[in-house]
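Worksheet: one structure, shown below.
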Amino acid sequence: MKIKKKINTWIFDLDNTLYSADSGIFQQVHKLMGKFIAENLNMDLPDAKKLQTKYYKQHGTTLRGLMDNHGVDPDFFLNEVHKLNYSIVGPNEGLNTELKQLEGRKLIYTNANKQHVIDVLDRINLTNFFDEIFDIKLANYIPKPEIEPYKQIINLYDIDPSTSAMFDDIAKNLVPAKKVGFTSVWIDAGYENFSDDIEASKEYLDFQTRDLSLFLKDVNEGKI
Ligand SMILES: [Mg+2]
């Protein structure tokens with residue numbers, strides 16, 4: 001069956017899915033995380049950056065590593081690392097046009113916090129467009145790709161997985177999506193550093209695209 005007929009719940013990741021990886025926002029968050037660790041754990045910056053990467057790899061998010069190993073307050077951390085200059089993020093009207101043609105509920109599912117979502121949606125002209133925002137706080141700070149928050153979303157919003165599609169730029173985040181029964185769509189942003197993750201996730205990816213707006217155009221035109 002064509003996706004548009006089958007799907008009535010559309011679940012989108014935010015960063016690098018609904019706006020471009022090239023915007024520089026990630027680099028800003030990355031930098032602020034390093035700074036946060038250096039200041040709060042009294043380390044020099046190179047060591048702080050090493051720890052940041054280590055926790056990201058071992059715990060799924062740097063935050064989880066900081067919570068588990070150092071008792072860092074998650075809301076304090078999230079506030080500090082999202083003190084961003086959002087002026088470099090702008091709307092993609094082509095994408096917005098396609099999003100607005102999708103019928104059914106639209107949700108955001110992010111490992112970031114809600115204020116970051118609100119700030120970005122404002123910049124990309126999608127304020128109040130989404131029905132729900134499921135952020136890391138609602139997920140009890142358990143990040144994708146752990147499967148618990150996926151199950152939580154299904155219960156919380158009374159979702160039928162068989163009529164739901166999830167979009168994410170990180171392939172391994174779609175493994176649990178597929179396992180709980182969502183249709184999975186990978187936005188290939190060209191990350192070479194994560195090729196192992198991508199290889200291991202391949203069989204869980206129903207669709208992949210390099211451009212979400214072109215993919216949704218095909219969906220809206222009934223081509224896929
Ligand atoms: Mg993302």
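Ordering of the structure tokens sets the chain letters (A, B, ...); residue numbers start at 1 within each chain; ligands are numbered from 1 in the order shown.
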
Write as a list in words the residues around ligand 1, taking 10 Å as the cut-off and counting only C-alpha atoms and all ligand atoms.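 Using only C-alpha atoms and all ligand atoms, I find these residues within 10 Å of ligand 1: Phe12, Asp13, Leu14, Asp15, Asn16, Thr17, Leu18, Tyr19, Ser20, Ala21, Phe26, Tyr109, Thr110, Asn111, Ala112, Phe167, Asp168, Asp169, Ile170, Ala171, Asn173, Ile187 and Ala189 of chain A.
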
Which residues are near range 48-57 of chain A? Cut-off 8 Å, only C-alpha atoms, ignore same chain within fewer than 4 positions. Put them as a VMD selection string. chain A and resid 33 to 35 37 to 38 43 to 44 61 to 66

Do you have the CA of Gly94 in chain A-CA of Val219 in chain A distance handy?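 Interatomic distance here is 13.9 Å.
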
Can you pull out the residues contacting Lys5 in chain A? Cut-off 10 Å, using only C-alpha atoms, and skip same-chain residues under 2 positions away; I want them as an mmCIF file with C-alpha atoms, in the first residue's frame.
```
data_model
loop_
_atom_site.group_PDB
_atom_site.id
_atom_site.type_symbol
_atom_site.label_atom_id
_atom_site.label_comp_id
_atom_site.auth_asym_id
_atom_site.auth_seq_id
_atom_site.Cartn_x
_atom_site.Cartn_y
_atom_site.Cartn_z
ATOM 1 C CA MET A 1 0.000 0.000 0.000
ATOM 2 C CA LYS A 2 1.181 3.552 -0.705
ATOM 3 C CA ILE A 3 2.561 5.340 2.344
ATOM 4 C CA ILE A 7 0.161 6.170 7.504
ATOM 5 C CA ASN A 8 -1.862 8.459 9.780
ATOM 6 C CA GLU A 103 -2.848 13.913 6.733
ATOM 7 C CA THR A 163 -0.122 3.127 10.703
ATOM 8 C CA VAL A 219 4.644 10.400 -0.729
ATOM 9 C CA ASN A 220 2.165 13.227 -1.382
ATOM 10 C CA GLY A 222 1.417 8.779 -4.322
#
```

For Ile25 in chain A, which residue out of A:His82, A:Lys6, A:Lys144, A:Lys172 is the nearest one, using only C-alpha atoms?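 Of A:His82, A:Lys6, A:Lys144, A:Lys172, the one nearest Ile25 in chain A, counting only C-alpha atoms, is A:His82.
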
Compile the contact shell of Gln208 in chain A as a VMD selection string: residues with an atom at most 12 Å away, counting only C-alpha atoms, same-chain residues fewer than 2 positions apart removed. chain A and resid 166 to 171 174 183 to 190 198 201 to 206 210 to 212 214 to 216 224

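In this model, the gap between CA of Trp10 in chain A and CA of Leu99 in chain A comes to 9.6 Å.
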
Between A:Leu102, A:Pro176, A:Glu192, A:Asp135, single out the one closest to Val117 in chain A, counting only C-alpha atoms.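 For Val117 in chain A, the nearest of the given residues is A:Asp135.
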
Run DSSP on the backbone and grab whatever in range 144-178 of chain A lands in alpha helix (DSSP H); send it over as a ChimeraX atom specification. /A:148-156,174-178
